[in-house]
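This is model_6.csv (CSV, C-alpha atoms).
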chain,number,residue,atom,x,y,z
A,1,MET,CA,26.7,32.7,-12.0
A,2,THR,CA,27.6,36.0,-13.6
A,3,THR,CA,30.8,37.9,-13.2
A,4,GLY,CA,29.0,40.5,-11.2
A,5,GLN,CA,27.5,38.0,-8.8
A,6,ASN,CA,31.0,36.4,-8.3
A,7,GLY,CA,32.4,39.9,-7.5
A,8,LEU,CA,29.7,40.6,-5.0
A,9,ARG,CA,30.2,37.2,-3.4
A,10,GLU,CA,34.0,37.8,-3.0
A,11,GLN,CA,33.3,41.3,-1.6
A,12,LYS,CA,30.9,39.7,1.0
A,13,LYS,CA,33.5,37.1,1.9
A,14,GLN,CA,36.2,39.7,2.3
A,15,ALA,CA,33.9,41.8,4.5
A,16,THR,CA,33.2,38.8,6.7
A,17,ARG,CA,36.9,38.0,7.0
A,18,VAL,CA,37.6,41.7,8.0
A,19,ALA,CA,34.8,41.7,10.5
A,20,LEU,CA,36.0,38.4,12.2
A,21,ARG,CA,39.6,39.5,12.5
A,22,GLU,CA,38.7,42.9,13.8
A,23,ALA,CA,36.3,41.4,16.3
A,24,ALA,CA,39.0,38.9,17.4
A,25,LEU,CA,41.6,41.6,18.0
A,26,ARG,CA,39.1,43.9,19.8
A,27,LEU,CA,38.1,41.2,22.2
A,28,ALA,CA,41.7,40.0,22.7
A,29,LEU,CA,42.8,43.5,23.6
A,30,ALA,CA,39.8,44.0,26.0
A,31,HIS,CA,39.9,40.6,27.8
A,32,GLY,CA,43.2,39.0,26.9
A,33,PRO,CA,43.6,36.3,24.2
A,34,GLY,CA,43.2,33.4,26.6
A,35,ASN,CA,39.8,34.6,27.6
A,36,VAL,CA,38.4,34.9,24.1
A,37,ARG,CA,36.4,32.0,22.6
A,38,VAL,CA,35.6,31.4,18.9
A,39,ASP,CA,31.9,31.7,19.8
A,40,ASP,CA,32.6,35.2,21.2
A,41,ILE,CA,34.4,36.3,18.1
A,42,ALA,CA,31.6,34.9,15.8
A,43,GLU,CA,28.9,36.6,17.9
A,44,ALA,CA,30.7,39.9,17.8
A,45,ALA,CA,31.1,39.7,14.0
A,46,GLY,CA,27.4,38.7,13.6
A,47,VAL,CA,28.1,35.3,12.1
A,48,SER,CA,27.9,31.6,13.3
A,49,PRO,CA,30.8,29.7,14.7
A,50,ARG,CA,30.5,27.4,11.7
A,51,THR,CA,31.1,30.4,9.4
A,52,TYR,CA,34.0,31.4,11.6
A,53,ASN,CA,35.7,28.1,10.9
A,54,ASN,CA,35.4,28.7,7.2
A,55,TYR,CA,37.8,31.6,7.6
A,56,PHE,CA,40.1,30.9,10.5
A,57,SER,CA,41.3,27.7,12.2
A,58,SER,CA,41.9,29.2,15.6
A,59,ARG,CA,41.4,32.4,17.6
A,60,GLU,CA,45.1,33.1,17.4
A,61,GLN,CA,45.0,33.0,13.6
A,62,ALA,CA,42.2,35.6,13.5
A,63,ILE,CA,43.9,37.9,16.0
A,64,VAL,CA,47.2,37.8,14.1
A,65,ALA,CA,45.4,38.3,10.8
A,66,ALA,CA,44.1,41.6,12.1
A,67,VAL,CA,47.6,42.8,13.0
A,68,THR,CA,49.2,41.6,9.7
A,69,ALA,CA,46.3,42.3,7.4
A,70,GLU,CA,47.2,42.1,3.7
A,71,ARG,CA,50.9,42.3,4.5
A,72,GLU,CA,51.9,39.9,1.7
A,73,SER,CA,50.1,41.9,-1.0
A,74,ARG,CA,51.6,45.1,0.3
A,75,VAL,CA,55.2,43.6,0.2
A,76,VAL,CA,54.6,42.5,-3.4
A,77,ALA,CA,53.1,45.9,-4.4
A,78,ALA,CA,56.0,47.8,-2.9
A,79,MET,CA,58.5,45.6,-4.7
A,80,ALA,CA,56.7,45.9,-8.0
A,81,ALA,CA,56.6,49.7,-7.6
A,82,ALA,CA,60.4,49.9,-7.4
A,83,PRO,CA,62.0,51.5,-10.6
A,84,ALA,CA,63.4,49.0,-13.1
A,85,HIS,CA,67.0,50.2,-12.6
A,86,VAL,CA,66.9,49.3,-8.9
A,87,ARG,CA,68.8,46.1,-8.1
A,88,LEU,CA,66.4,43.2,-7.3
A,89,ALA,CA,68.0,42.6,-3.9
A,90,ASP,CA,67.6,46.2,-2.9
A,91,ALA,CA,64.0,46.5,-4.1
A,92,LEU,CA,63.0,43.3,-2.2
A,93,THR,CA,64.8,44.4,1.0
A,94,GLU,CA,63.2,47.8,1.0
A,95,ALA,CA,59.8,46.3,0.3
A,96,VAL,CA,60.1,43.9,3.2
A,97,LEU,CA,61.5,46.6,5.6
A,98,GLU,CA,58.7,49.0,4.7
A,99,GLN,CA,55.9,46.6,5.6
A,100,TYR,CA,57.5,44.8,8.5
A,101,THR,CA,58.9,47.8,10.4
A,102,GLU,CA,56.0,50.2,9.9
A,103,PRO,CA,54.8,51.7,13.2
A,104,ARG,CA,52.8,49.3,15.3
A,105,ASP,CA,50.1,50.0,17.9
A,106,ARG,CA,51.7,49.6,21.3
A,107,ASP,CA,48.9,47.4,22.7
A,108,GLU,CA,48.9,45.1,19.6
A,109,LEU,CA,52.6,44.6,19.8
A,110,LEU,CA,52.4,43.8,23.5
A,111,LEU,CA,49.6,41.4,22.8
A,112,ILE,CA,51.7,39.4,20.3
A,113,ILE,CA,54.9,39.4,22.3
A,114,ALA,CA,53.3,38.4,25.6
A,115,SER,CA,51.5,35.3,24.2
A,116,PRO,CA,53.6,32.3,23.0
A,117,ALA,CA,50.7,31.0,20.9
A,118,LEU,CA,50.3,34.4,19.2
A,119,ARG,CA,54.1,34.7,18.7
A,120,ASP,CA,54.1,31.3,16.9
A,121,THR,CA,51.1,32.2,14.8
A,122,PHE,CA,52.7,35.5,13.9
A,123,LEU,CA,55.8,33.7,12.7
A,124,ASP,CA,53.7,31.4,10.6
A,125,THR,CA,52.3,34.3,8.7
A,126,THR,CA,55.7,34.7,6.9
A,127,ALA,CA,54.8,31.7,4.7
A,128,ALA,CA,52.0,33.8,3.2
A,129,ILE,CA,54.4,36.0,1.3
A,130,GLU,CA,56.1,33.1,-0.4
A,131,HIS,CA,53.7,32.4,-3.3
A,132,PRO,CA,52.9,36.0,-4.3
A,133,LEU,CA,56.6,36.9,-3.9
A,134,ALA,CA,57.6,34.1,-6.2
A,135,THR,CA,55.3,35.5,-8.9
A,136,ALA,CA,56.7,39.0,-8.4
A,137,ILE,CA,60.3,37.8,-8.6
A,138,GLY,CA,59.5,35.7,-11.6
A,139,ARG,CA,58.0,38.7,-13.4
A,140,ARG,CA,61.0,40.8,-12.4
A,141,LEU,CA,63.3,38.1,-13.9
A,142,GLY,CA,61.1,37.6,-16.9
A,143,ASP,CA,60.9,33.9,-16.2
A,144,THR,CA,58.0,32.4,-14.3
A,145,ASP,CA,58.4,28.8,-15.4
A,146,THR,CA,61.7,27.8,-13.8
A,147,PRO,CA,62.0,27.1,-10.0
A,148,THR,CA,64.4,29.9,-9.5
A,149,ALA,CA,61.8,32.5,-8.4
A,150,ARG,CA,60.1,29.9,-6.1
A,151,VAL,CA,63.4,29.0,-4.5
A,152,LEU,CA,64.3,32.6,-4.0
A,153,ALA,CA,60.9,33.5,-2.6
A,154,ALA,CA,61.0,30.6,-0.1
A,155,SER,CA,64.4,31.7,1.0
A,156,VAL,CA,63.2,35.3,1.6
A,157,ALA,CA,60.2,34.0,3.6
A,158,ALA,CA,62.6,31.9,5.7
A,159,ALA,CA,65.0,34.8,6.2
A,160,VAL,CA,62.1,37.0,7.4
A,161,ARG,CA,60.9,34.3,9.8
A,162,ILE,CA,64.3,33.9,11.3
A,163,ALA,CA,64.7,37.7,11.8
A,164,LEU,CA,61.2,37.9,13.4
A,165,ARG,CA,61.8,34.9,15.6
A,166,GLU,CA,65.0,36.5,17.0
A,167,TRP,CA,63.2,39.9,17.4
A,168,LEU,CA,60.3,38.3,19.3
A,169,GLN,CA,62.3,36.3,21.8
A,170,PRO,CA,60.9,36.9,25.2
A,171,PRO,CA,63.1,39.3,27.2
A,172,ALA,CA,65.4,37.9,29.8
A,173,ALA,CA,65.3,41.2,31.7
A,174,PRO,CA,62.3,42.4,33.7
A,175,LEU,CA,59.6,44.3,31.9
A,176,ALA,CA,60.1,47.9,30.9
A,177,ALA,CA,58.4,50.7,32.9
A,178,GLY,CA,54.7,50.4,32.6
A,179,GLY,CA,54.8,46.6,32.0
A,180,LEU,CA,55.6,46.9,28.3
A,181,VAL,CA,57.6,44.1,26.8
A,182,VAL,CA,60.1,45.8,24.4
A,183,PRO,CA,62.1,43.7,21.9
A,184,SER,CA,65.8,44.5,22.6
A,185,SER,CA,67.0,44.1,19.0
A,186,SER,CA,66.3,46.3,16.0
A,187,LEU,CA,64.0,44.6,13.6
A,188,THR,CA,65.3,46.7,10.8
A,189,GLU,CA,68.9,45.5,11.4
A,190,LEU,CA,67.8,41.9,11.9
A,191,LEU,CA,65.9,41.9,8.6
A,192,ARG,CA,68.7,43.6,6.7
A,193,SER,CA,71.2,41.1,8.0
A,194,ALA,CA,69.0,38.1,7.2
A,195,LEU,CA,68.2,39.3,3.7
A,196,ALA,CA,71.8,40.3,3.0
A,197,VAL,CA,72.7,36.6,3.0
A,198,LEU,CA,70.5,36.2,0.0
A,199,ALA,CA,71.8,39.1,-2.0
A,200,PRO,CA,74.4,37.1,-4.0
A,201,ALA,CA,71.7,34.6,-5.1
A,202,LEU,CA,69.4,37.4,-6.1
A,203,ASP,CA,72.2,39.1,-8.0
A,204,ALA,CA,73.1,35.9,-9.8
A,205,ALA,CA,69.5,35.2,-10.8
A,206,GLU,CA,69.1,38.8,-12.1
A,207,GLU,CA,72.4,38.7,-14.0
A,208,GLY,CA,71.4,35.4,-15.5
A,209,VAL,CA,68.4,37.1,-17.2
A,210,GLN,CA,70.0,40.5,-17.8
A,211,PRO,CA,73.8,40.1,-18.1
A,212,GLY,CA,75.5,43.2,-16.8
A,213,ALA,CA,72.4,44.6,-15.1
A,214,HIS,CA,73.1,46.8,-12.2
A,215,GLN,CA,76.9,46.3,-12.5
A,216,SER,CA,77.5,50.0,-12.5
A,217,THR,CA,75.4,50.4,-9.3
A,218,ARG,CA,77.4,47.7,-7.5
A,219,ALA,CA,80.7,49.0,-8.8
A,220,THR,CA,79.7,52.4,-7.3
A,221,ASP,CA,78.8,50.8,-4.0
A,222,ASP,CA,82.0,48.8,-3.9
A,223,ALA,CA,84.1,51.9,-4.7
A,224,ALA,CA,82.3,53.8,-1.9
A,225,SER,CA,82.9,51.0,0.5
A,226,THR,CA,86.6,50.9,-0.4
A,227,SER,CA,87.0,54.6,0.1
A,228,GLN,CA,85.6,54.5,3.6
Full structure transcribed into structure tokens:
Amino acid sequence: MTTGQNGLREQKKQATRVALREAALRLALAHGPGNVRVDDIAEAAGVSPRTYNNYFSSREQAIVAAVTAERESRVVAAMAAAPAHVRLADALTEAVLEQYTEPRDRDELLLIIASPALRDTFLDTTAAIEHPLATAIGRRLGDTDTPTARVLAASVAAAVRIALREWLQPPAAPLAAGGLVVPSSSLTELLRSALAVLAPALDAAEEGVQPGAHQSTRATDDAASTSQ
């Protein structure tokens, strides 16, 4: 099979995945996730249920995939786009915040929060950032062979999951006006707090490769904190 044929095959597979996840989300918003069958999603996307099972293992996975589409690649791209002089911990934190706190559709957010199965599946998606993030961290450190980047990436994925789990806790208070379930905590602050725990490890890994890197930046930050 030629390279061109391989490329067309991958494009077709990607188009099918997009069609399935968009159909799943559309049907879930219209009828409620509990009233959507895999057969319904497959029919709406113009494929067979067997084809559906080649892409998603459940209706929840397809619905959540539509909400979080390509998030892991966008996190890595945002981190890679950070200037070289920016501290690794800062570049990583801003990349995560940019993609996880971007404006969400109100109905999609309600759909996820209101369903325990969708909340669990949504949390599971954090694992998808681990492998590409390990590669990005390894490249940033100039070392892709040691386990350092993999350990750091796994820790970041765990921190994001913990922050999201706290943010998605069902509210103890009654629903807000109009029936909208609104998370009471700030996702931005939860993510910043969780990732801040990893900053010393990220700094140590970076300094191990580039001794003295970003010391002036941290010294400035420390001086600013002391003066406050």
Mind giving me the straight-line distance from atom CA of Ser48 of chain A to atom CA of Leu20 of chain A in Å, one decimal?
->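 These atoms are spaced 10.6 Å apart.
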Using all atoms listed in the file, pick whichever of A:Leu195, A:Ala69, A:Ala44, A:Ala157 has the shortest atom-to-atom distance to Ala134 of chain A.
->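 Smallest separation from Ala134 of chain A among the options: A:Ala157.
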Please, what distance in Å, to one decimal, runs between atom CA of Ile129 of chain A and atom CA of Val75 of chain A?
-> 7.7 Å
Tell me which of A:Ala163, A:Leu168, A:Ala23, A:Ala204 sits closest to Leu191 of chain A, counting all atoms listed in the file.
->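 Answer, going by the shortest atom-to-atom distance: A:Ala163.
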Polymer residues at most 10 Å from Ala117 of chain A, all atoms listed in the file, same-chain spacing of 5 or more positions, as an MDAnalysis selection string = chainID A and resid 33:34 59:61 112 122
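Put simply, atom CA of Arg161 of chain A is 6.0 Å away from atom CA of Thr126 of chain A.
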From the set A:Thr188, A:Asn6, A:Asn54, A:Thr68, which residue has the shortest atom-to-atom contact distance to Leu109 of chain A, counting only C-alpha atoms?
->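 Using only C-alpha atoms, the shortest distance to Leu109 of chain A belongs to A:Thr68.
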